[in-house]
Amino acid sequence: MDSASAGEWAPDSWKSRPIKQDVVYDDPAELAAVLGRVATLPPLVAAPEIDRLRGQLRDVAEGRAFLLQGGDCAESFDYCNPEAIEDKLKILLQMSLVLIWGMRLPIVRIARMAGQYAKPRSSPFEMVNGEQIMSYRGDNVNSIDPAQRRPDPQRLLSAYFHSASTINYVRLLLDSGFADIHKPEAWDLGHVRNDEIRREYQTIVNHLTDAFGFMGVIGAANSRMPALTTVDIYSSHEALLLDYEQALTRPIAKKPDEEAPSAPVAGRKRPYEPSTPPRRQLAPELCDWYNLSAHFIWIGDRTRQLNGAHIEYFRGVRNPVGVKVGPSMDADELVRVLDILDPLLEPGRVTLITRYGAGRIGDFLPAHVRAVQATAHRPVWCCDPCHGNTTTAPTGHKTRSFDAIISEITSSITIHRELGSRLSGVHLELTGEHVTECTGGSQELAPSDLPSNYQTFCDPRLNYEQSLDIAFKIAS
């Protein structure tokens, strides 16, 4: 047995392992008080919702569904407002509708939101105006304002309440018909500059409109079927700050022969079912541990050390988990990570989020796929085409090329197909707003266009139009 997987697991057993990207606070007593408070607050998501996602990701791993995961590179507390949340949901819903039409598969939707507040950095310090200051680590650690870079434990409490507000508003929207396909959003393709591409997109929109019209004629539009009125939207984030994650890790009593519940995450009524058991000590063999800060959590490329704290923490929670896989991971290491995180060989338990870069994917993905195929593991293979394609424009802005993003997706599809494997999802950094942070797409944004509405304080995101472009490209 690998040394990283040996021994009994507990929510705090990660503390015995070396940790990367840790945050050092000036006042440990204040940190302990904040974490103690978080540990007494209600969970942000429910265990039955996580179980439902586990079942859906099993379908993805076995080719019966496709994963769409997207959202901000790093959330700001300022994004917790109705317009920003609605814009993000709208683009994820529209993208999934296009993908359903093109792929004829159910789409599992996971949003990078309601908790994506932490940011790993290559260095703990940076130079600002000739002065060395602490790096910005995300809103749950410090501020983007250079004058407020001291790690503040109170921000962890703020992160909890901003996450709770975001999740609550998502539930409210879905319960109020925001995703009702009887009232599809107007498909405005005015941004598409290329006539041929516009005609291609319009063909898909026409097919969707015809389908809705047909459903209305046969009476399906008046149906009470839940699948026609709402969808599942799951929350996710990189579980970087393990103290915070531990505070929201709770024991849930096991149920014999339990199946994933049929009720969705939001938007449909269900009998009240507590998310956590009564406050009593459960015997370890009678409970499972769930991270109730989000439905899905992942390990970043900088924190996936085999004997490290993050792998140790992740191996013990019941949530489905993701692992970023880049050029620095060799094939043997990938298999060992799977052995630790998925000892029961559960299809869809682990999502491998590959991020190589359009020019390097051919050098690494084939070996990774073959190594996994030689095992009994059945992970979800998901392409992150954004992180490996970051460049600096002549304007000095960090950016990404739409063409490079599409190239990595299509190369991933081709490589998987040639090896008898399957690309089962995409993981995108996007926003529903009309920003100008990535070049290309049907708007044909040039580097000179970037300053016009460059909003990100972290990595560049696909805007609304470019995100929809991605869905249309995959569907067609």
# chains A, B, ... in the order shown; residues from 1 in each chain; ligands from 1
$ closest_atom_pairs --of "segment 339-436 of chain A" --to "segment 103-116 of chain A" --cutoff "10 Å" --atoms "only C-alpha atoms" --output "JSON lines"
{"residue": "A:Gly425", "atom": "CA", "partner": "A:Val108", "partner_atom": "CA", "distance": 9.0}
{"residue": "A:His427", "atom": "CA", "partner": "A:Ile110", "partner_atom": "CA", "distance": 9.1}
{"residue": "A:Leu428", "atom": "CA", "partner": "A:Arg112", "partner_atom": "CA", "distance": 8.9}
{"residue": "A:Glu429", "atom": "CA", "partner": "A:Arg112", "partner_atom": "CA", "distance": 8.2}
{"residue": "A:Leu430", "atom": "CA", "partner": "A:Arg112", "partner_atom": "CA", "distance": 9.2}
$ select_by_dssp --residues "segment 42-89 of chain A" --states "helix (DSSP H, G or I)" --output "ChimeraX atom specification"
/A:47-61,77-79,82-89
$ closest_residue --among "A:Arg355, A:His416, A:His397, A:Arg422" --to "Ala367 of chain A" --atoms "only C-alpha atoms"
A:His416
$ closest_residue --among "A:Met95, A:Cys73, A:Ile406, A:Val192" --to "Ser236 of chain A" --atoms "only C-alpha atoms"
A:Cys73
$ closest_residue --among "A:Ala446, A:Phe161, A:Ser122, A:Tyr117" --to "Asn140 of chain A" --atoms "only C-alpha atoms"
A:Tyr117
$ residues_around --residues "segment 407-415 of chain A" --least-positions-apart "2" --cutoff "8 Å" --atoms "only C-alpha atoms" --output "PyMOL selection string"
chain A and resi 357-359+361-362+365-366+383+385+403-405+417-419+422-423+426
$ atom_distance --atom1 "atom CA of Pro146 of chain A" --atom2 "atom CA of Leu241 of chain A"
21.4 Å
$ closest_residue --among "A:Ser165, A:Gln132, A:Ser96, A:Ser452" --to "Phe77 of chain A" --atoms "only C-alpha atoms"
A:Ser165
$ residues_around --residues "segment 313-316 of chain A" --least-positions-apart "5" --cutoff "8 Å" --atoms "only C-alpha atoms" --output "number ranges by chain"
A: 5, 9-14, 242, 289, 321, 340-342
$ closest_residue --among "A:Leu462, A:Glu433, A:Glu196, A:Leu352" --to "Phe402 of chain A" --atoms "only C-alpha atoms"
A:Leu462
$ residues_around --residues "Val323 of chain A" --least-positions-apart "4" --cutoff "6 Å" --atoms "only C-alpha atoms" --output "list in words"
Trp298, Ile299, Leu352 and Ile353 of chain A
$ write_last_selection --atoms "C-alpha atoms" --output "PDB file, in the first residue's frame"
ATOM      1  CA  TRP A 298     -10.852  19.382  -6.710  1.00  0.00           C
ATOM      2  CA  ILE A 299      -7.110  19.296  -6.085  1.00  0.00           C
ATOM      3  CA  LEU A 352      -9.231  13.843 -14.218  1.00  0.00           C
ATOM      4  CA  ILE A 353      -9.136  17.471 -15.370  1.00  0.00           C
TER       5      ILE A 353
END
